[in-house]
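These notes concern the structure reproduced below.
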Amino acid sequence: MMSAINPLELYEGWLKDVNIDEQTKEELRGIAGQAGEIEDRFYRELEFGTGGLRGVMGAGTNRMNRYVIGKATQGFANFLLGQSSSPSVVIAHDSRRNSDVFSLEAACVLAANGIRTYLFRSLRPTPQLSFAVRDLGATGGVVVTASHNPPEYNGYKVYGADGGQLIPDQAEQVIGEIRAIASFDQVKRLSREEAEAQGLLVWLDDAADQRFVDAVAAQVVQPELIRGGAGAELGIVFTPLHGAGNVPIQRVLAQTGFTKVSVVREQEQPDGMFPTVKSPNPEEQEAFTLAIKLAGEVGADLIIGTDPDCDRMGAVVKNDKGEFVVLTGNQSGALMVHYLLSVLKAKDKLPANGAVIKTIVTSEMGADIAASYGCKVFSTLTGFKYIGELMTKFEKDGSHEFLFGYEESYGYLTGTYARDKDAVVASLLISEAAAYYKSQGKTLYDVLLELYAQYGTYLEKLESRTLKGKDGVEKIGAIMNDWRNAPPQEIAGVRVSQMLDYSQGLDGLPAENVLKFLLEDNSWFCLRPSGTEPKIKVYFAVRGQGLGEASASLQKLAASVMARVDSLG
């Protein structure tokens with residue numbers, strides 16, 4: 001039985017700890033007497049989940065700082081040393097504040113444990129880390145990023161030898177190793193100079209970048225079309241939203257034949273404060289305000305935006321009224337599935353054992369499209385690590401050939417060079433699709449309407465509620481328990497046909513605190529606590545005949561469900 005944590009004792013312990021630097025102690029002295037602030041910073045250790053760490057930066061056990069990073073890295077090192085006699089690790093980071101500091105801290109801890117560590121000299125996309133682990137034959141990887149969280153956050157994600165994020169059983173072993181570290185005295189560390197001198201800290205060069213760009217560029221399915229002029233005809237506006245996508249995406253687009261690319265200059269340079277947006281999230285229309293303005297000025301056909309670590313891609317296109325609209329992750333995914341599979345079929349390159357992988361909260365539209373081309377569709381829990389895990393299984397047993405994997409949250413991958421979602425390849429593939437359809441006199445939106453006419457109008461919506469701190473954790477738990485213990489028989493006038501409780505490990509999937517409700521009209525909704533933010537997320541999906549009917553059904557369903565959620569939160 002674990003003893004209860006006393007936040008004040010931990011706070012005072014940090015002030016006395018000789019391992020803690022004076023600047024950190026000064027920050028802690030600044031909150032002396034603030035019981036609520038002390039409790040929030042020390043009521044728990046920042047949880048190392050299946051994706052690693054993520055939290056607000058600052059001093060304390062429930063914050064992101066070099067000491068929490070050091071302890072996590074020591075635990076990861078102990079895990080790796082138990083797996084291999086000569087492990088090696090690749091580390092990458094994004095544009096967030098302290099990402100470079102935390103990356104070097106992790107490298108110095110790994111080096112002190114005799115683990116050779118490869119480090120990029122500046123920010124790189126998360127998918128490039130996944131690629132580099134595989135490319136260099138490393139035992140593991142680390143990315144310092146908090147994806148599209150607000151500026152005050154940072155995070156730490158851990159990868160295995162296949163280039164994918166650690167799956168639950170591996171993560172549990174790392175968590176066990178971290179918990180076994182009783183004090184910061186047990187965290188080993190070399191200085192940067194010592195690590196370099198011993199050959200345990202190796203800086204990656206430009207050749208590593210080019211190998212990644214070449215691997216992504218190889219995913220073009222109609223290179224002759226793009227180089228034959230279609231690439232030069234498509235006007236693209238691109239914004240990296242102050243993150244890691246700027247250089248690699250421009251390089252890949254140029255290398256494959258896209259020459260009319262305009263970059264949003266105000267958002268081109270890395271900046272962890274993300275000064276031009278409320279949130280550096282390509283899911284949000286507001287993030288594209290400057291890009292839409294530029295697109296209007298240059299007459300662009302397509303707008304692309306990527307998040308700080310460049311693993312999520314959002315696309316903006318003109319609708320049938322000539323207005324720029326942000327495609328949902330589900331819409332972009334369905335368009336890319338359709339384009340990829342239709343071209344492969346036309347070229348007689350569609351494998352008989354082709355597979356498309358999506359998550360349980362992703363629209364069924366892409367699945368229906370894939371099935372119509374004879375592809376097997378697999379559904380995983382939320383998190384690209386599960387898609388990567390299946391990809392590695394296919395690679396080992398030869399049962400299926402991976403073609404495309406995606407999440408509704410703007411994460412996509414085609415090709416097997418990586419095991420994580422990649423906004424670089426997604427930017428390339430959606431640009432290729434847009435160029436192809438433009439050569440036929442169509443926009444991506446035109447094609448989307450054609451798909452709705454053929455497969456039904458699928459619409460989806462995500463609602464989330466942020467509930468911070470210890471009280472927030474308890475409220476999220478109460479909401480999940482309420483729906484689990486008293487499931488509705490009917491919602492928004494439609495009978496509930498089934499409740500799927502994934503905490504029981506349904507369909508051979510790992511157990512996870514997720515509830516999904518299937519309705520008799522083929523709509524569904526799903527409740528899921530976020531694994532990376534203090535949020536509860538509620539997903540909605542409907543299928544109707546025409547945008548009007550589907551939109552009305554979606555709004556009605558969401559209103560009914562959120563009324564009950566909000567009454568509890």
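Labels for the structure tokens follow display order: chains A, B, ..., residues from 1 in each chain, ligands from 1.
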Query raised in the report: Which residues come within 9 Å of region 449-452 of chain A, counting only C-alpha atoms, excluding same-chain residues fewer than 2 positions away, as an NGL selection string?
Result: :A and (334-335 or 338 or 365 or 369 or 444-447 or 454-458 or 545-547)
Query - Backbone DSSP call of helix (DSSP H, G or I) for region 92-330 of chain A, listed as JSON, numbers by chain - result: {"A": [99, 100, 101, 102, 103, 104, 105, 106, 107, 108, 109, 110, 111, 112, 126, 127, 128, 129, 130, 131, 132, 133, 134, 135, 168, 169, 170, 171, 172, 173, 174, 175, 176, 177, 178, 179, 184, 185, 186, 192, 193, 194, 195, 196, 197, 206, 207, 208, 209, 210, 211, 212, 213, 214, 215, 216, 217, 223, 224, 225, 226, 227, 228, 229, 230, 231, 232, 233, 246, 247, 248, 249, 250, 251, 252, 253, 254, 255, 256, 265, 266, 267, 285, 286, 287, 288, 289, 290, 291, 292, 293, 294, 295, 296, 297, 298, 329, 330]}
Requested in this report: Pick out the residues sitting within 10 Å of Leu166 (chain A), and hand them over as a PyMOL selection string; count only C-alpha atoms, and ignore anything fewer than 4 positions along from it in its own chain.
Outcome: chain A and resi 49-52+140-141+157-162+170-172+174+385-386+388-389
Output file for the residues above (C-alpha atoms, as an mmCIF file, in the first residue's frame):
```
data_model
loop_
_atom_site.group_PDB
_atom_site.id
_atom_site.type_symbol
_atom_site.label_atom_id
_atom_site.label_comp_id
_atom_site.auth_asym_id
_atom_site.auth_seq_id
_atom_site.Cartn_x
_atom_site.Cartn_y
_atom_site.Cartn_z
ATOM 1 C CA GLY A 49 1.299 7.488 -18.847
ATOM 2 C CA THR A 50 1.522 5.224 -21.866
ATOM 3 C CA GLY A 51 2.652 8.240 -23.924
ATOM 4 C CA GLY A 52 5.083 9.604 -21.341
ATOM 5 C CA GLY A 140 14.629 3.668 -28.178
ATOM 6 C CA GLY A 141 13.747 7.306 -28.639
ATOM 7 C CA LYS A 157 7.336 10.954 -25.063
ATOM 8 C CA VAL A 158 9.178 7.640 -25.145
ATOM 9 C CA TYR A 159 9.635 5.319 -28.120
ATOM 10 C CA GLY A 160 10.672 1.708 -28.604
ATOM 11 C CA ALA A 161 13.054 0.081 -31.066
ATOM 12 C CA ASP A 162 10.372 -0.146 -33.780
ATOM 13 C CA GLN A 170 6.304 -1.606 -21.985
ATOM 14 C CA ALA A 171 5.195 1.698 -20.462
ATOM 15 C CA GLU A 172 4.205 -0.093 -17.252
ATOM 16 C CA VAL A 174 9.214 1.960 -17.399
ATOM 17 C CA LYS A 385 1.025 3.976 -30.677
ATOM 18 C CA TYR A 386 -1.666 1.361 -31.228
ATOM 19 C CA GLY A 388 2.161 1.665 -34.928
ATOM 20 C CA GLU A 389 1.914 -1.555 -32.914
#
```
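Non-sequential neighbours of Ser183 (chain A) (distance at most 10 Å, separation of 4 or more positions within a chain, only C-alpha atoms) are Asp17, Asn19, Lys71, Arg179 and Val187 of chain A.
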For N, CA, C and O atoms, I'd like the residues from the last selection saved as a short mmCIF file (atom, residue, chain, number, x, y, z; two decimals), in the first residue's frame.
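Saved result, result_6.cif, follows:
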```cif
data_model
loop_
_atom_site.label_atom_id
_atom_site.label_comp_id
_atom_site.auth_asym_id
_atom_site.auth_seq_id
_atom_site.Cartn_x
_atom_site.Cartn_y
_atom_site.Cartn_z
N ASP A 17 16.78 19.82 -0.57
CA ASP A 17 17.50 18.84 -1.38
C ASP A 17 18.72 19.49 -2.04
O ASP A 17 18.61 20.47 -2.78
N ASN A 19 20.38 18.40 -4.41
CA ASN A 19 20.38 18.17 -5.86
C ASN A 19 19.61 19.24 -6.63
O ASN A 19 19.75 19.35 -7.85
N LYS A 71 14.52 12.11 -13.60
CA LYS A 71 14.05 10.89 -12.95
C LYS A 71 13.40 9.94 -13.96
O LYS A 71 13.64 8.73 -13.94
N ARG A 179 9.23 4.59 -10.55
CA ARG A 179 8.74 4.58 -9.17
C ARG A 179 9.77 4.02 -8.20
O ARG A 179 9.76 4.34 -7.01
N VAL A 187 19.67 9.51 -9.65
CA VAL A 187 19.68 9.91 -11.06
C VAL A 187 21.12 10.23 -11.46
O VAL A 187 21.73 11.18 -10.96
#
```
**Report entry** Surrounding residues of Val356 (chain A) excluding itself and chain neighbours under 6 positions, 12 Å, only C-alpha atoms, as a ChimeraX atom specification
**Finding:** /A:333-334,336-338,340-341,364,366-380,387-388,390-391,394,400-407,412-415
Report task. Might you pull out every residue within 10 Å of Ser439 (chain A), with only C-alpha atoms counted and same-chain residues fewer than 2 positions away left off, and present them as number ranges by chain? Result -> A: 225, 229-231, 233-234, 433-437, 441-443
Requested in this report: Find the residue from A:Thr382, A:Thr392, A:Asn78, A:Gln331 that sits nearest to Lys461 (chain A); use only C-alpha atoms when measuring.
Outcome: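 Among A:Thr382, A:Thr392, A:Asn78, A:Gln331, it is A:Gln331 that comes nearest to Lys461 (chain A).
The shell of residues at most 12 Å from Asp21 (chain A), with only C-alpha atoms counted and near chain neighbours (fewer than 5 positions) removed, consists of Trp14, Leu15, Lys16, Glu26, Glu27, Leu28, Ala59, Asn65, Arg66, Tyr67 and Phe184 of chain A.
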Selection from above, C-alpha atoms, as an mmCIF file, in the first residue's frame, can you write it?
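Once written, result-v8.cif looks like this:
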```cif
data_model
loop_
_atom_site.group_PDB
_atom_site.id
_atom_site.type_symbol
_atom_site.label_atom_id
_atom_site.label_comp_id
_atom_site.auth_asym_id
_atom_site.auth_seq_id
_atom_site.Cartn_x
_atom_site.Cartn_y
_atom_site.Cartn_z
ATOM 1 C CA TRP A 14 12.754 20.106 -2.417
ATOM 2 C CA LEU A 15 13.887 23.263 -0.625
ATOM 3 C CA LYS A 16 16.364 21.195 1.415
ATOM 4 C CA GLU A 26 13.893 30.551 -5.438
ATOM 5 C CA GLU A 27 10.794 29.800 -7.505
ATOM 6 C CA LEU A 28 9.511 27.582 -4.709
ATOM 7 C CA ALA A 59 9.077 23.564 -9.985
ATOM 8 C CA ASN A 65 11.164 20.450 -15.054
ATOM 9 C CA ARG A 66 14.664 19.025 -15.466
ATOM 10 C CA TYR A 67 14.385 16.998 -12.249
ATOM 11 C CA PHE A 184 17.327 12.450 -7.079
#
```
Dump as a Markdown table the rows for residues of region 88-108 of chain A within 9 Å of region 243-259 of chain A: closest atom pair and distance in Å with one decimal, only C-alpha atoms counted, ordered by chain and rising residue number.
```
| residue | atom | partner | partner_atom | distance |
| --- | --- | --- | --- | --- |
| A:His93 | CA | A:Ala244 | CA | 8.6 |
| A:Asp94 | CA | A:Ala244 | CA | 5.8 |
| A:Ser95 | CA | A:Gly243 | CA | 5.5 |
| A:Arg96 | CA | A:Gly243 | CA | 8.1 |
```
Query raised in the report: For Ala138 (chain A), which of A:Val326, A:Ile175, A:Ile91, A:Ala106 is the closest residue, counting only C-alpha atoms?
Result: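 Using only C-alpha atoms, Ala138 (chain A) sits closest to A:Ile91.
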Query raised in the report: Where does DSSP see strand (DSSP E) in region 142-362 of chain A, if you list the residues as JSON, numbers by chain?
Result: {"A": [142, 143, 144, 153, 154, 155, 156, 157, 158, 159, 201, 202, 203, 236, 237, 238, 239, 261, 262, 263, 302, 303, 304, 305, 306, 313, 314, 315, 316, 317, 318, 324, 325, 326, 354, 355, 356, 357, 358, 359]}
Would you export the selected residues with N, CA and C atoms as a tab-separated table (two decimals), in the first residue's frame, please?
```
chain	number	residue	atom	x	y	z
A	142	VAL	N	13.26	9.44	-27.64
A	142	VAL	CA	12.57	10.39	-26.78
A	142	VAL	C	12.26	11.63	-27.61
A	143	VAL	N	11.04	12.15	-27.46
A	143	VAL	CA	10.69	13.45	-28.03
A	143	VAL	C	10.23	14.37	-26.91
A	144	VAL	N	10.81	15.55	-26.83
A	144	VAL	CA	10.36	16.55	-25.87
A	144	VAL	C	9.39	17.48	-26.60
A	153	TYR	N	2.87	24.50	-21.27
A	153	TYR	CA	3.08	23.05	-21.18
A	153	TYR	C	4.35	22.60	-21.88
A	154	ASN	N	4.86	21.46	-21.42
A	154	ASN	CA	5.83	20.70	-22.19
A	154	ASN	C	5.61	19.22	-21.88
A	155	GLY	N	6.30	18.36	-22.60
A	155	GLY	CA	6.08	16.93	-22.43
A	155	GLY	C	7.29	16.12	-22.84
A	156	TYR	N	7.16	14.81	-22.66
A	156	TYR	CA	8.28	13.89	-22.83
A	156	TYR	C	7.70	12.56	-23.26
A	157	LYS	N	7.89	12.20	-24.53
A	157	LYS	CA	7.34	10.95	-25.06
A	157	LYS	C	8.46	9.96	-25.32
A	158	VAL	N	8.17	8.69	-25.05
A	158	VAL	CA	9.18	7.64	-25.15
A	158	VAL	C	8.80	6.64	-26.24
A	159	TYR	N	9.83	6.21	-26.97
A	159	TYR	CA	9.64	5.32	-28.12
A	159	TYR	C	10.46	4.05	-27.97
A	201	LEU	N	27.48	11.10	-26.49
A	201	LEU	CA	26.55	12.09	-27.03
A	201	LEU	C	26.99	12.42	-28.45
A	202	VAL	N	26.17	12.00	-29.41
A	202	VAL	CA	26.51	12.15	-30.83
A	202	VAL	C	25.50	13.09	-31.48
A	203	TRP	N	25.98	14.15	-32.12
A	203	TRP	CA	25.09	15.12	-32.77
A	203	TRP	C	24.83	14.69	-34.21
A	236	ILE	N	-0.39	26.61	-52.96
A	236	ILE	CA	-0.43	26.14	-51.57
A	236	ILE	C	0.02	27.26	-50.64
A	237	VAL	N	-0.72	27.47	-49.55
A	237	VAL	CA	-0.27	28.31	-48.45
A	237	VAL	C	0.02	27.39	-47.28
A	238	PHE	N	1.18	27.57	-46.66
A	238	PHE	CA	1.59	26.69	-45.57
A	238	PHE	C	1.96	27.51	-44.34
A	239	THR	N	1.49	27.07	-43.17
A	239	THR	CA	1.92	27.65	-41.90
A	239	THR	C	2.36	26.57	-40.94
A	261	VAL	N	4.36	27.44	-53.47
A	261	VAL	CA	4.15	27.34	-52.02
A	261	VAL	C	4.46	28.68	-51.37
A	262	SER	N	3.48	29.25	-50.70
A	262	SER	CA	3.65	30.51	-49.96
A	262	SER	C	3.57	30.22	-48.47
A	263	VAL	N	4.55	30.69	-47.72
A	263	VAL	CA	4.61	30.44	-46.28
A	263	VAL	C	4.13	31.67	-45.52
A	302	LEU	N	-5.15	25.55	-51.68
A	302	LEU	CA	-5.08	24.70	-50.49
A	302	LEU	C	-4.25	25.40	-49.43
A	303	ILE	N	-4.71	25.29	-48.18
A	303	ILE	CA	-3.96	25.78	-47.03
A	303	ILE	C	-3.62	24.59	-46.14
A	304	ILE	N	-2.38	24.55	-45.70
A	304	ILE	CA	-1.91	23.47	-44.81
A	304	ILE	C	-1.35	24.11	-43.54
A	305	GLY	N	-1.68	23.54	-42.39
A	305	GLY	CA	-1.11	23.99	-41.13
A	305	GLY	C	-0.67	22.80	-40.31
A	306	THR	N	0.43	22.94	-39.59
A	306	THR	CA	0.92	21.84	-38.75
A	306	THR	C	1.16	22.34	-37.33
A	313	MET	N	-1.69	17.53	-39.00
A	313	MET	CA	-1.86	18.40	-40.15
A	313	MET	C	-3.32	18.75	-40.33
A	314	GLY	N	-3.59	20.06	-40.48
A	314	GLY	CA	-4.93	20.52	-40.80
A	314	GLY	C	-4.95	21.12	-42.19
A	315	ALA	N	-6.04	20.87	-42.92
A	315	ALA	CA	-6.16	21.39	-44.29
A	315	ALA	C	-7.38	22.31	-44.39
A	316	VAL	N	-7.22	23.37	-45.16
A	316	VAL	CA	-8.30	24.33	-45.40
A	316	VAL	C	-8.52	24.41	-46.91
A	317	VAL	N	-9.78	24.30	-47.32
A	317	VAL	CA	-10.12	24.34	-48.74
A	317	VAL	C	-11.31	25.27	-48.96
A	318	LYS	N	-11.57	25.62	-50.21
A	318	LYS	CA	-12.74	26.42	-50.53
A	318	LYS	C	-13.95	25.50	-50.69
A	324	PHE	N	-13.29	29.71	-47.53
A	324	PHE	CA	-12.32	28.78	-46.96
A	324	PHE	C	-12.89	28.14	-45.71
A	325	VAL	N	-12.84	26.81	-45.64
A	325	VAL	CA	-13.32	26.07	-44.48
A	325	VAL	C	-12.25	25.06	-44.06
A	326	VAL	N	-12.11	24.87	-42.74
A	326	VAL	CA	-11.17	23.89	-42.22
A	326	VAL	C	-11.81	22.51	-42.30
A	354	GLY	N	-4.28	-5.52	-48.38
A	354	GLY	CA	-4.10	-4.15	-47.92
A	354	GLY	C	-4.89	-3.85	-46.67
A	355	ALA	N	-4.32	-3.01	-45.78
A	355	ALA	CA	-4.96	-2.68	-44.51
A	355	ALA	C	-4.97	-1.18	-44.26
A	356	VAL	N	-6.10	-0.71	-43.74
A	356	VAL	CA	-6.25	0.66	-43.26
A	356	VAL	C	-6.56	0.57	-41.77
A	357	ILE	N	-5.90	1.42	-40.98
A	357	ILE	CA	-6.09	1.38	-39.52
A	357	ILE	C	-6.62	2.72	-39.05
A	358	LYS	N	-7.64	2.69	-38.20
A	358	LYS	CA	-8.19	3.91	-37.61
A	358	LYS	C	-8.43	3.66	-36.13
A	359	THR	N	-8.86	4.68	-35.41
A	359	THR	CA	-9.15	4.52	-33.98
A	359	THR	C	-10.66	4.41	-33.76
```
Query raised in the report: Of the candidates A:Glu268, A:Asp566, A:Asp301, A:Glu286, which one gets nearest to Ile430 (chain A) if we count only C-alpha atoms?
Result: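 Looking only at the distances to Ile430 (chain A), the closest residue turns out to be A:Asp301.
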